[in-house]
Amino acid sequence: MSTAPIDYLLSRRSVKFVQSPAPDDADLARILQAGMSAPDHGKLQPWRFKLIRGEAILRLAELVFAASERAGRPLAAEKIAANRAWLGKVPLLIALACRIDHSNTKIPEHERMLAVGAAVTNMLNAAHMLGYGAYWSTGLGTYVDEVNEALGFDGLDYRFLGYLALGTPAQATEPAARPDHKAFVSEWTGE
């Protein structure tokens with residue numbers, strides 16, 4: 001792979017199956033700092049990240065399974081088993097949320113959510129550039145209130161946006177096939 005930055009962007013792909021080692025403290029700091037470089041209208045800094053490591057990942061999984069059941073959204077036994085197997089190898093999860101500052105009525109909520117999305121995209125790209133695999137998942141109880149609250153992301157002041165699974169790719173990956181940009185671009189001339 002070429003090391004030009006644009007080539008890293010063009011070769012990035014989601015890597016769900018990761019294993020230890022996770023990024024060390026220095027690389028994790030760089031990945032998180034990359035998130036701070038995202039566009040942020042009004043400098044609201046709406047992103048919030050919670051690190052979940054080791055045994056805490058499996059405790060979270062069990063909380064998700066039980067909370068989903070209580071919320072009337074039970075997971076099938078095979079889905080629970082697959083998630084346990086997957087999460088048993090993930091060395092680091094980063095819970096992702098958008099903080100809603102209700103005192104600011106000038107900048108709409110969707111712009112804050114876009115800022116968090118841009119921050120997470122920067123983190124995905126930084127992880128890839130450093131040789132790690134990462135996967136943004138909105139599974140694992142992202143839309144279950146009890147899970148949001150357990151992570152400290154209540155639905156009033158925060159919008160919980162899922163997790164970033166981060167570690168070393170469990171197997172070699174090839175760049176994903178991407179569509180040609182021309183299929184999604186048109187020119188507006190004002191006529």
# chains A, B, ... in the order shown; residues from 1 in each chain; ligands from 1
>>> select_by_dssp(residues="region 40-107 of chain A", states="helix (DSSP H, G or I)", output="PyMOL selection string")
chain A and resi 41-43+55-70+77-87
>>> select_by_dssp(residues="region 31-176 of chain A", states="strand (DSSP E)", output="number ranges by chain")
A: 47-53, 92-99, 133-137, 158-169
>>> residues_around(residues="Gly42 (chain A)", least_positions_apart="2", cutoff="9 Å", atoms="only C-alpha atoms", output="compact mmCIF listing (two decimals) with all heavy atoms, in the first residue's frame")
# COMPACT_ATOMS: atom_id res chain seq x y z
N ASP A 40 -16.74 21.61 13.26
CA ASP A 40 -17.57 21.77 14.45
C ASP A 40 -18.16 23.17 14.46
O ASP A 40 -17.57 24.10 15.00
CB ASP A 40 -16.69 21.52 15.69
CG ASP A 40 -17.43 21.75 16.99
OD1 ASP A 40 -18.67 21.74 17.01
OD2 ASP A 40 -16.74 21.96 18.02
N LEU A 44 -18.84 23.84 19.40
CA LEU A 44 -19.61 23.28 20.51
C LEU A 44 -18.96 22.04 21.12
O LEU A 44 -19.33 21.63 22.20
CB LEU A 44 -21.03 22.95 20.03
CG LEU A 44 -21.87 24.15 19.59
CD1 LEU A 44 -23.24 23.68 19.13
CD2 LEU A 44 -21.97 25.18 20.69
N GLN A 45 -18.05 21.41 20.38
CA GLN A 45 -17.38 20.19 20.84
C GLN A 45 -18.39 19.19 21.40
O GLN A 45 -18.32 18.77 22.56
CB GLN A 45 -16.31 20.55 21.89
CG GLN A 45 -15.29 21.52 21.35
CD GLN A 45 -14.35 22.07 22.40
OE1 GLN A 45 -14.54 21.90 23.60
NE2 GLN A 45 -13.33 22.75 21.94
N LYS A 106 -28.98 28.33 18.51
CA LYS A 106 -28.58 28.81 17.19
C LYS A 106 -28.20 27.66 16.26
O LYS A 106 -28.54 27.67 15.07
CB LYS A 106 -27.39 29.77 17.35
CG LYS A 106 -26.86 30.29 16.03
CD LYS A 106 -25.66 31.19 16.23
CE LYS A 106 -25.10 31.59 14.88
NZ LYS A 106 -23.83 32.28 14.98
N ILE A 107 -27.48 26.67 16.78
CA ILE A 107 -26.97 25.58 15.94
C ILE A 107 -27.86 24.36 16.13
O ILE A 107 -28.00 23.84 17.24
CB ILE A 107 -25.50 25.28 16.29
CG1 ILE A 107 -24.67 26.55 16.01
CG2 ILE A 107 -24.99 24.09 15.50
CD1 ILE A 107 -23.27 26.50 16.51
>>> residues_around(residues="Ala71 (chain A)", least_positions_apart="5", cutoff="12 Å", atoms="only C-alpha atoms", output="tab-separated table (two decimals) with C-alpha atoms, in the first residue's frame")
chain	number	residue	atom	x	y	z
A	63	LEU	CA	-26.25	-5.71	30.27
A	64	VAL	CA	-27.30	-5.18	26.63
A	65	PHE	CA	-28.81	-8.66	26.34
A	66	ALA	CA	-30.82	-8.26	29.57
A	141	GLY	CA	-28.43	-1.75	22.51
A	143	TYR	CA	-31.47	2.27	20.80
A	144	VAL	CA	-32.30	0.82	24.23
A	145	ASP	CA	-32.76	3.55	26.85
A	146	GLU	CA	-31.44	1.45	29.74
A	147	VAL	CA	-28.15	0.84	27.89
>>> residues_around(residues="region 89-104 of chain A", least_positions_apart="2", cutoff="7 Å", atoms="only C-alpha atoms", output="MDAnalysis selection string")
chainID A and resid 18:22 46:54 86:87 106:107 109 112:113 116 157:167
>>> residues_around(residues="Gln33 (chain A)", least_positions_apart="6", cutoff="12 Å", atoms="only C-alpha atoms", output="list of chain:residue names")
A:Asp25, A:Ala26, A:Asp27, A:Trp47, A:Phe49, A:Ala119, A:Val120, A:Asn122, A:Met123, A:Leu124, A:Asn125, A:Ala126, A:Ala127
>>> closest_residue(among="A:Ala76, A:Gly88, A:His110, A:Gly133", to="Glu174 (chain A)", atoms="only C-alpha atoms")
A:Gly133
>>> atom_distance(atom1="CA of Thr105 (chain A)", atom2="CA of Ala38 (chain A)")
21.1 Å
>>> atom_distance(atom1="CA of Ala82 (chain A)", atom2="CA of Leu140 (chain A)")
11.7 Å
>>> atom_distance(atom1="CA of Ser37 (chain A)", atom2="CA of His181 (chain A)")
25.0 Å
